[in-house]
Structures are given as structure tokens and as C-alpha cells.
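Colleague: After the C-alpha cells below, expect a handful of questions from me.
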There are 2 protein chains.
Amino acid sequence: MRIGIVGGTGKQGSGLAVRWSRAGHTIALGSRDPAKARARAAELAGEGHAIEGGDNAWAAREGEVVVLTVPYEAHAETLRGIVEAAAGKVVVDVTVPLKPPKVSRVQLPAGQAAALEAQALLGASTPVVATLHHVSSTHLADPSHVIECDVLVAADDARAKATVIALLRDLGLRALDAGPLVNAIALESLTPVLIHLNRVYKSQGAGIVFTDLSGADQR
Amino acid sequence: MRIGIVGGTGKQGSGLAVRWSRAGHTIALGSRDPAKARARAAELAGEGHAIEGGDNAWAAREGEVVVLTVPYEAHAETLRGIVEAAAGKVVVDVTVPLKPPKVSRVQLPAGQAAALEAQALLGASTPVVATLHHVSSTHLADPSHVIECDVLVAADDARAKATVIALLRDLGLRALDAGPLVNAIALESLTPVLIHLNRVYKSQGAGIVFTDLSGADQR
């Protein structure tokens with residue numbers, strides 16, 4: 001599948017690009033600065049990955065599925081820039097509404113969740129899927145690291161949710177149906193708690209695994 | 001230690017009472033209906049546990065630490081009834097603000113978290129500690145069940161938090177410092193997600209375990 005990654009030059013976007021490319025997908029890597037995205041894509045393509053770069057609207061147009069990996073402060077503006085390019089597609093929002101410097105403290109955004117704000121901005125015909133809030137960017141960016149973390153997926157649109165769950169399994173992750181999009185409130189607000197755990201217990205990337213879920217598909 | 005359990009005749013309160021009693025604590029089990037609490041306490045005492053029953057204000061007065069296990073609909077009213085009895089003590093709030101029938105959907109309360117509402121009702125000199133939102137009541141109530149679930153603990157008062165973490169370890173649980181009380185928003189809102197997972201994957205009680213936390217004390 002062709003996946004557009006908007007704001008994809010950071011650790012999270014590039015880590016996803018490399019891992020999806022290894023699974024046979026092709027990637028359109030976007031950035032506000034298209035030269036930066038092209039340089040990053042060329043670097044990754046040199047390592048053998050099917051990754052091209054361009055601006056964010058281009059990445060959103062190119063992707064059959066559009067993945068948004070931007071800091072919360074750029075969230076609304078970035079979304080406004082891709083409304084038309086992403087129209088009708090599945091948009092995967094991995095944004096956590098952190099407000100530095102207090103990133104280990106839950107601070108709910110005005111719309112209660114970034115993903116709910118994204119859905120409001122994009123309109124009902126562009127289904128938003130919230131996921132990947134708990135996988136450490138550091139672990140994601142290291143292609144040799146085996147990620148020990150379940151992934152929760154919240155969405156209202158069942159078809160969009162199934163598409164994204166399949167893409168997450170291609171990353172080698174156990175992807176779990178976490179309910180309707182409003183449950184992104186829980187998913188996003190757990191990330192400051194993970195940041196706090198990392199600080200207190202000196203971890204590089206605490207993850208979460210759900211127990212007693214024998215009914216869930218294994219990785 | 002003497003532990004008062006307010007609203008303690010349900011699965012969660014009774015399960016905690018039995019497990020803490022086994023660890024050497026004595027329990028004052030409270031209910032809105034003191035006769036019911038006395039009957040339940042007598043039943044458990046008959047099995048060899050140091051558990052007495054009475055009304056909720058009595059349980060709050062008796063306990064050095066006060067644990068609140070009531071449904072959210074009774075939360076504010078129950079707290080108003082124990083403000084004086086619990087004054088200055090550590091109050092452990094395990095309440096999840098579920099609003100039936102949609103219990104697998106995050107529905108934030110007016111104060112964003114039940115524990116924040118409890119803190120506002122009790123006043124600053126009575127520190128609230130939020131925890132135990134993710135341990136299945138069914139598992140808790142079965143004394144033979146080994147619970148495979150980490151426990152997150154959110155509080156502003158460091159001393160109260162340490163007291164409660166020690167009590168949770170007495171239950172055989174790995175208790176983790178989850179940050180300030182405001183992080184109860186994340187803890188409480190994760191429970192509807194667990195309920196959703198239980199439904200989708202046909203589990204009796206999905207739990208949560210944090211990975212890559214080698215710095216945390218093991219059980």
C-alpha cells in the first residue's frame with residue numbers, strides 16, 4: 001500500500017517509514033519543508049527503502065492512507081493544510097497533546113483529544129483513527145529494536161479501523177481494538193503517564209502489554 | 001494498619017478487605033447500610049479475617065487510611081458523608097466515572113476525573129490517592145486468583161503516595177508511581193478501554209503490564 005506520512009522527518013515518522021517499507025509498503029514522506037523531506041527520503045532510499053519525499057499536502061495526496069506525525073503545537077495548522085488532499089481517506093493520528101515543559105502531566109486539549117479535534121477539522125467523510133501513542137519513538141527509530149508494546153486503536157469507522165489494524169500488524173505489533181474514537185482521550189492521556197514512568201524508573205521507553213487477552217490475535 | 005473501606009460490601013471492597021486482611025491488616029468495612037456491612041464482615045470474619053462492619057462514616061473514622069469503593073453515581077454523596085471522619089487522612093479513590101449503559105466509552109466527568117472531584121470535596125488537607133482502576137473486580141474477589149496487572153498510583157502528596165504504594169505491594173501487586181493526581185484522568189479513562197477489550201476479545205478481566213521498566217521494584 002502507498003502510505004503518506006505527514007510531518008514524517010522526525011523519529012516517529014521516519015521509524016514508521018522504514019518499518020512499513022520493510023513490510024513491502026511504499027512511502028510518501030512529507031514535511032512542511034519539502035527539501036528536508038526529500039533529503040531524509042533520499043537518505044532512507046539509499047538504505048534500500050521505497051521512500052520518496054515532498055511537502056505535506058503532496059504526501060497526503062500520494063497516500064492511500066495518511067499518517068500524521070507532528071507535535072501537537074503543529075497539529076491544527078498541519079491538518080488545515082491537508083484537508084483537501086486527505087479528503088475521504090483514512091487518516092491515522094498518532095498525536096499526543098503534550099504541552100511542554102510539563103510533559104509528564106495530563107493536560108487535556110480544548111477538544112479533549114487531538115484525534116477528536118482532527119476529526120472535527122477534517123470532516124465526517126474523512127475517518128480518523130487514533131493509535132501508536134505508546135510506542136517509544138526511540139524504539140521505533142531503531143529498526144533492529146523488537147518493540148514490546150501492544151498498540152491500541154480507537155476509531156468510529158469500522159472499515160478504517162480494520163485497515164489500520166492490518167497496517168500495524170505489518171509492523172509486527174499486536175494491534176487491539178480500543179473502541180470508538182472518543183476513547184482516544186484515554187489513549188492520548190496515557191502517554192504523559194508513560195513519560196513519568198520513564199523518568200521515575202529510568203527507562204528509555206516503557207511500553208504496555210495487556211494481559212488476559214487470549215482472545216486477541218497474537219502478533 | 002487499620003484500613004477503612006467505604007462502600008466496601010461489593011466485589012472490589014470485599015476483595016481488597018480479604019487480601020489486606022491476609023497481609024496482616026485489620027479492616028473496618030463500611031456501607032450506607034450498616035447492617036449489610038456487619039453481615040458481610042461477619043461472613044468474612046467467619047473465614048478467619050480481621051474484618052468488622054459498620055456505616056461509612058464509622059469506617060472512615062476507624063481507618064488510618066480510607067479506601068473509597070463506590071460506583072461513580074454514589075461518589076459525591078458518599079464523600080460528603082465522610083468529609084469530617086476522613087479529615088487529614090489518606091483517602092484512596094478507586095472510582096471510575098462510568099456512566100451506564102455506555103461503559104466501554106470514555107465519558108469524562110465534570111471535574112475531568114473522579115479523584116480530582118474527590119480532592120475538591122475533601123479539601124487540601126486530606127490527600128487523595130487515585131489507584132486500582134485496572135484490576136478486575138472479579139479477579140480481586142477471588143482470593144486464589146494471582147492478579148497479573150500492574151497498578152498505577154497518582155497523587156500530589158508524596159507521603160500519601162508512598163503509604164499507598166506500600167499497601168498495594170502488600171496485595172502482591174507491582175505498584176508504580178504514575179505522577180500527580182491530575183494523571184488520574186488517564187488512569188480512570190483507561191478503564192472503559194479495558195471493558196471494551198474484555199468485550200471484543202472475550203476476556204473476564206484484561207489487565208495491564210508495563211514493559212521496559214527494569215528500574216521499577218518487582219513484586
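Ordering of the C-alpha cells sets the chain letters (A, B, ...), residue numbers begin anew at 1 in every chain, and ligands are numbered from 1 in the order given.
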Starting from chain B, keep only residues with some atom at most 10 Å from an atom of chain A, counting only C-alpha atoms, and report them as a ChimeraX atom specification.
Modeller: /B:104-108,112,147-150,152,154,176-217
Colleague: Can you pull out every residue within 8 Å of Gly30 of chain A, counting only C-alpha atoms, but drop anything in the same chain fewer than 3 positions away, and send it as a list in words?
Modeller: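 In the requested form, the answer reads Gly4, Ile5, Val6, Gly7, Gly8, Thr9, Pro34, Ala37, Gly53, Gly54, Asp55, Asn56, Ala57, Trp58, Ala59 and Ala60 of chain A.
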Colleague: Keeping only N, CA, C and O atoms, take the residues you just selected and write them out as an mmCIF file, in the first residue's frame.
Modeller:
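The file below, part.cif, is the result:
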data_model
loop_
_atom_site.group_PDB
_atom_site.id
_atom_site.type_symbol
_atom_site.label_atom_id
_atom_site.label_comp_id
_atom_site.auth_asym_id
_atom_site.auth_seq_id
_atom_site.Cartn_x
_atom_site.Cartn_y
_atom_site.Cartn_z
ATOM 1 N N GLY A 4 1.107 7.782 3.022
ATOM 2 C CA GLY A 4 1.632 9.142 3.132
ATOM 3 C C GLY A 4 1.881 9.464 4.599
ATOM 4 O O GLY A 4 0.987 9.293 5.423
ATOM 5 N N ILE A 5 3.088 9.919 4.904
ATOM 6 C CA ILE A 5 3.387 10.273 6.297
ATOM 7 C C ILE A 5 3.622 11.775 6.367
ATOM 8 O O ILE A 5 4.615 12.299 5.840
ATOM 9 N N VAL A 6 2.684 12.446 6.993
ATOM 10 C CA VAL A 6 2.701 13.910 7.079
ATOM 11 C C VAL A 6 3.494 14.319 8.314
ATOM 12 O O VAL A 6 3.220 13.833 9.411
ATOM 13 N N GLY A 7 4.461 15.213 8.131
ATOM 14 C CA GLY A 7 5.354 15.556 9.248
ATOM 15 C C GLY A 7 6.255 14.380 9.569
ATOM 16 O O GLY A 7 6.489 14.052 10.726
ATOM 17 N N GLY A 8 6.788 13.745 8.517
ATOM 18 C CA GLY A 8 7.425 12.443 8.680
ATOM 19 C C GLY A 8 8.923 12.433 8.864
ATOM 20 O O GLY A 8 9.532 11.369 8.902
ATOM 21 N N THR A 9 9.548 13.612 9.026
ATOM 22 C CA THR A 9 11.019 13.601 9.092
ATOM 23 C C THR A 9 11.543 13.357 10.507
ATOM 24 O O THR A 9 12.744 13.163 10.683
ATOM 25 N N PRO A 34 9.709 20.843 2.163
ATOM 26 C CA PRO A 34 9.844 19.697 1.248
ATOM 27 C C PRO A 34 11.299 19.301 0.971
ATOM 28 O O PRO A 34 11.579 18.120 0.762
ATOM 29 N N ALA A 37 12.296 16.935 3.629
ATOM 30 C CA ALA A 37 11.673 15.624 3.436
ATOM 31 C C ALA A 37 12.368 14.860 2.319
ATOM 32 O O ALA A 37 12.597 13.652 2.429
ATOM 33 N N GLY A 53 10.241 11.822 -0.886
ATOM 34 C CA GLY A 53 9.921 12.974 -0.044
ATOM 35 C C GLY A 53 9.212 14.080 -0.797
ATOM 36 O O GLY A 53 9.289 14.162 -2.028
ATOM 37 N N GLY A 54 8.516 14.942 -0.056
ATOM 38 C CA GLY A 54 7.833 16.090 -0.649
ATOM 39 C C GLY A 54 7.168 16.906 0.441
ATOM 40 O O GLY A 54 7.439 16.716 1.644
ATOM 41 N N ASP A 55 6.303 17.828 0.042
ATOM 42 C CA ASP A 55 5.646 18.616 1.106
ATOM 43 C C ASP A 55 4.464 17.827 1.697
ATOM 44 O O ASP A 55 4.096 16.755 1.195
ATOM 45 N N ASN A 56 3.888 18.355 2.750
ATOM 46 C CA ASN A 56 2.862 17.592 3.465
ATOM 47 C C ASN A 56 1.619 17.328 2.618
ATOM 48 O O ASN A 56 1.066 16.211 2.649
ATOM 49 N N ALA A 57 1.170 18.336 1.859
ATOM 50 C CA ALA A 57 -0.037 18.141 1.050
ATOM 51 C C ALA A 57 0.229 17.080 -0.034
ATOM 52 O O ALA A 57 -0.626 16.239 -0.320
ATOM 53 N N TRP A 58 1.442 17.099 -0.588
ATOM 54 C CA TRP A 58 1.832 16.067 -1.556
ATOM 55 C C TRP A 58 1.774 14.671 -0.917
ATOM 56 O O TRP A 58 1.216 13.730 -1.499
ATOM 57 N N ALA A 59 2.338 14.545 0.279
ATOM 58 C CA ALA A 59 2.336 13.243 0.965
ATOM 59 C C ALA A 59 0.899 12.769 1.212
ATOM 60 O O ALA A 59 0.579 11.587 1.045
ATOM 61 N N ALA A 60 0.033 13.704 1.600
ATOM 62 C CA ALA A 60 -1.358 13.348 1.864
ATOM 63 C C ALA A 60 -2.073 12.936 0.570
ATOM 64 O O ALA A 60 -2.906 12.029 0.572
#
Colleague: Using DSSP on the backbone, list every residue of segment 26-218 of chain A that comes out as strand (DSSP E), and give them as a VMD selection string.
Modeller: chain A and resid 26 to 31 51 to 55 65 to 68 90 to 93 128 to 131 151 to 155 175 to 179 207 to 211
Colleague: May I have the residues from that selection written out with N, CA, C and O atoms, as a short mmCIF file (atom, residue, chain, number, x, y, z; two decimals), in the first residue's frame?
Modeller:
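And here is the file that came out, out.cif:
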data_model
loop_
_atom_site.label_atom_id
_atom_site.label_comp_id
_atom_site.auth_asym_id
_atom_site.auth_seq_id
_atom_site.Cartn_x
_atom_site.Cartn_y
_atom_site.Cartn_z
N THR A 26 5.03 1.27 0.15
CA THR A 26 5.84 2.39 -0.36
C THR A 26 5.39 3.66 0.36
O THR A 26 4.20 3.83 0.69
N ILE A 27 6.34 4.54 0.59
CA ILE A 27 6.08 5.68 1.49
C ILE A 27 6.28 7.01 0.80
O ILE A 27 7.30 7.24 0.13
N ALA A 28 5.32 7.91 1.00
CA ALA A 28 5.48 9.32 0.62
C ALA A 28 5.68 10.10 1.92
O ALA A 28 4.77 10.22 2.73
N LEU A 29 6.89 10.58 2.09
CA LEU A 29 7.27 11.23 3.35
C LEU A 29 7.12 12.74 3.20
O LEU A 29 7.78 13.35 2.35
N GLY A 30 6.27 13.34 4.02
CA GLY A 30 6.04 14.77 3.89
C GLY A 30 6.63 15.59 5.01
O GLY A 30 6.88 15.09 6.10
N SER A 31 6.88 16.86 4.71
CA SER A 31 7.33 17.81 5.72
C SER A 31 6.82 19.19 5.31
O SER A 31 6.53 19.44 4.13
N ILE A 51 11.05 4.95 -0.34
CA ILE A 51 10.58 6.16 0.32
C ILE A 51 10.94 7.38 -0.54
O ILE A 51 12.09 7.56 -0.93
N GLU A 52 9.92 8.21 -0.83
CA GLU A 52 10.16 9.48 -1.52
C GLU A 52 9.74 10.62 -0.60
O GLU A 52 8.96 10.42 0.32
N GLY A 53 10.24 11.82 -0.89
CA GLY A 53 9.92 12.97 -0.04
C GLY A 53 9.21 14.08 -0.80
O GLY A 53 9.29 14.16 -2.03
N GLY A 54 8.52 14.94 -0.06
CA GLY A 54 7.83 16.09 -0.65
C GLY A 54 7.17 16.91 0.44
O GLY A 54 7.44 16.72 1.64
N ASP A 55 6.30 17.83 0.04
CA ASP A 55 5.65 18.62 1.11
C ASP A 55 4.46 17.83 1.70
O ASP A 55 4.10 16.75 1.20
N VAL A 65 -3.46 5.72 2.57
CA VAL A 65 -3.69 6.01 3.98
C VAL A 65 -2.74 7.14 4.37
O VAL A 65 -1.59 7.16 3.91
N VAL A 66 -3.21 8.08 5.17
CA VAL A 66 -2.40 9.24 5.56
C VAL A 66 -2.11 9.17 7.06
O VAL A 66 -3.04 9.04 7.86
N VAL A 67 -0.84 9.24 7.41
CA VAL A 67 -0.44 9.15 8.81
C VAL A 67 0.13 10.49 9.24
O VAL A 67 1.01 11.04 8.56
N LEU A 68 -0.37 10.98 10.35
CA LEU A 68 0.03 12.31 10.82
C LEU A 68 0.97 12.16 12.02
O LEU A 68 0.57 11.66 13.07
N VAL A 90 -8.39 7.39 4.86
CA VAL A 90 -8.20 7.07 6.27
C VAL A 90 -7.03 7.91 6.79
O VAL A 90 -5.94 7.87 6.22
N VAL A 91 -7.27 8.67 7.85
CA VAL A 91 -6.20 9.47 8.45
C VAL A 91 -5.86 8.88 9.82
O VAL A 91 -6.72 8.75 10.69
N VAL A 92 -4.60 8.51 9.97
CA VAL A 92 -4.13 7.94 11.23
C VAL A 92 -3.48 9.05 12.04
O VAL A 92 -2.49 9.65 11.60
N ASP A 93 -4.03 9.32 13.20
CA ASP A 93 -3.48 10.40 14.03
C ASP A 93 -2.77 9.80 15.24
O ASP A 93 -3.40 9.13 16.07
N VAL A 128 -10.97 9.37 10.98
CA VAL A 128 -9.73 9.45 11.75
C VAL A 128 -9.59 8.21 12.62
O VAL A 128 -10.56 7.74 13.22
N VAL A 129 -8.38 7.69 12.67
CA VAL A 129 -8.06 6.54 13.51
C VAL A 129 -6.92 6.97 14.43
O VAL A 129 -5.89 7.46 13.96
N ALA A 130 -7.11 6.80 15.74
CA ALA A 130 -6.10 7.22 16.71
C ALA A 130 -5.33 5.99 17.18
O ALA A 130 -5.94 5.00 17.61
N THR A 131 -4.01 6.06 17.11
CA THR A 131 -3.22 4.89 17.55
C THR A 131 -1.75 5.27 17.70
O THR A 131 -1.35 6.41 17.44
N VAL A 151 -0.54 -2.15 20.82
CA VAL A 151 -0.98 -0.89 20.24
C VAL A 151 -2.50 -0.83 20.28
O VAL A 151 -3.18 -1.74 19.81
N LEU A 152 -3.01 0.22 20.87
CA LEU A 152 -4.46 0.40 20.97
C LEU A 152 -4.95 1.26 19.81
O LEU A 152 -4.29 2.23 19.44
N VAL A 153 -6.10 0.89 19.25
CA VAL A 153 -6.61 1.56 18.06
C VAL A 153 -8.05 2.02 18.32
O VAL A 153 -8.94 1.20 18.55
N ALA A 154 -8.27 3.32 18.28
CA ALA A 154 -9.61 3.87 18.51
C ALA A 154 -10.12 4.53 17.23
O ALA A 154 -9.41 5.32 16.60
N ALA A 155 -11.33 4.20 16.83
CA ALA A 155 -11.93 4.81 15.63
C ALA A 155 -13.43 4.54 15.64
O ALA A 155 -13.88 3.55 16.23
N ALA A 175 -2.07 -5.30 17.53
CA ALA A 175 -2.95 -4.13 17.48
C ALA A 175 -4.31 -4.53 18.04
O ALA A 175 -4.89 -5.53 17.62
N LEU A 176 -4.80 -3.75 19.00
CA LEU A 176 -6.05 -4.10 19.69
C LEU A 176 -7.11 -3.03 19.44
O LEU A 176 -6.83 -1.83 19.50
N ASP A 177 -8.31 -3.48 19.21
CA ASP A 177 -9.46 -2.58 19.02
C ASP A 177 -9.83 -1.96 20.37
O ASP A 177 -10.34 -2.63 21.26
N ALA A 178 -9.58 -0.67 20.50
CA ALA A 178 -9.78 0.03 21.78
C ALA A 178 -11.10 0.79 21.84
O ALA A 178 -11.33 1.57 22.76
N GLY A 179 -11.97 0.59 20.82
CA GLY A 179 -13.28 1.21 20.89
C GLY A 179 -13.43 2.44 20.02
O GLY A 179 -12.65 2.66 19.09
N GLY A 207 6.70 0.47 27.78
CA GLY A 207 5.59 0.13 26.91
C GLY A 207 4.49 -0.53 27.70
O GLY A 207 4.60 -0.68 28.92
N ILE A 208 3.38 -0.89 27.04
CA ILE A 208 2.31 -1.55 27.76
C ILE A 208 1.90 -2.82 27.04
O ILE A 208 1.90 -2.90 25.82
N VAL A 209 1.59 -3.83 27.84
CA VAL A 209 1.11 -5.09 27.30
C VAL A 209 -0.15 -5.46 28.08
O VAL A 209 -0.17 -5.34 29.30
N PHE A 210 -1.18 -5.87 27.37
CA PHE A 210 -2.42 -6.24 28.05
C PHE A 210 -2.40 -7.74 28.33
O PHE A 210 -2.03 -8.55 27.48
N THR A 211 -2.80 -8.08 29.55
CA THR A 211 -2.82 -9.48 29.97
C THR A 211 -4.24 -10.02 29.89
O THR A 211 -5.21 -9.25 29.80
#
Colleague: Within 12 Å of Ala74 of chain A, counting only C-alpha atoms, which residues qualify if same-chain residues fewer than 6 places away don't, as a list of chain:residue names?
Modeller: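 Neighbouring residues, sequence-local ones excluded: A:Val6, A:Gly7, A:Ser31, A:Arg32, A:Leu68, A:Arg80, A:Gly81, A:Thr95, A:Val96, A:Pro97, A:Leu98, A:Lys99, A:Ala114, A:Ala118.
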Colleague: Just C-alpha atoms for this one: save the residues we selected as a PDB file, in the first residue's frame.
Modeller:
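Resulting contents of part27.pdb:
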ATOM      1  CA  VAL A   6       2.701  13.910   7.079  1.00  0.00           C
ATOM      2  CA  GLY A   7       5.354  15.556   9.248  1.00  0.00           C
ATOM      3  CA  SER A  31       7.326  17.815   5.721  1.00  0.00           C
ATOM      4  CA  ARG A  32       6.423  21.476   5.943  1.00  0.00           C
ATOM      5  CA  LEU A  68       0.026  12.306  10.823  1.00  0.00           C
ATOM      6  CA  ARG A  80      -5.799  22.579   7.769  1.00  0.00           C
ATOM      7  CA  GLY A  81      -3.112  22.206   5.108  1.00  0.00           C
ATOM      8  CA  THR A  95      -0.582  12.938  18.056  1.00  0.00           C
ATOM      9  CA  VAL A  96      -0.349  13.274  21.810  1.00  0.00           C
ATOM     10  CA  PRO A  97      -1.411  16.696  23.085  1.00  0.00           C
ATOM     11  CA  LEU A  98       1.690  17.330  25.182  1.00  0.00           C
ATOM     12  CA  LYS A  99       2.263  20.871  26.361  1.00  0.00           C
ATOM     13  CA  ALA A 114      -6.153  15.620  19.481  1.00  0.00           C
ATOM     14  CA  ALA A 118      -8.603  16.207  13.919  1.00  0.00           C
TER      15      ALA A 118
END
Colleague: Mind checking DSSP for chain B and telling me the helix (DSSP H, G or I) residues as a PyMOL selection string?
Modeller: chain B and resi 11-22+34-46+56-62+72-82+114-122+137-141+158-170+181-200
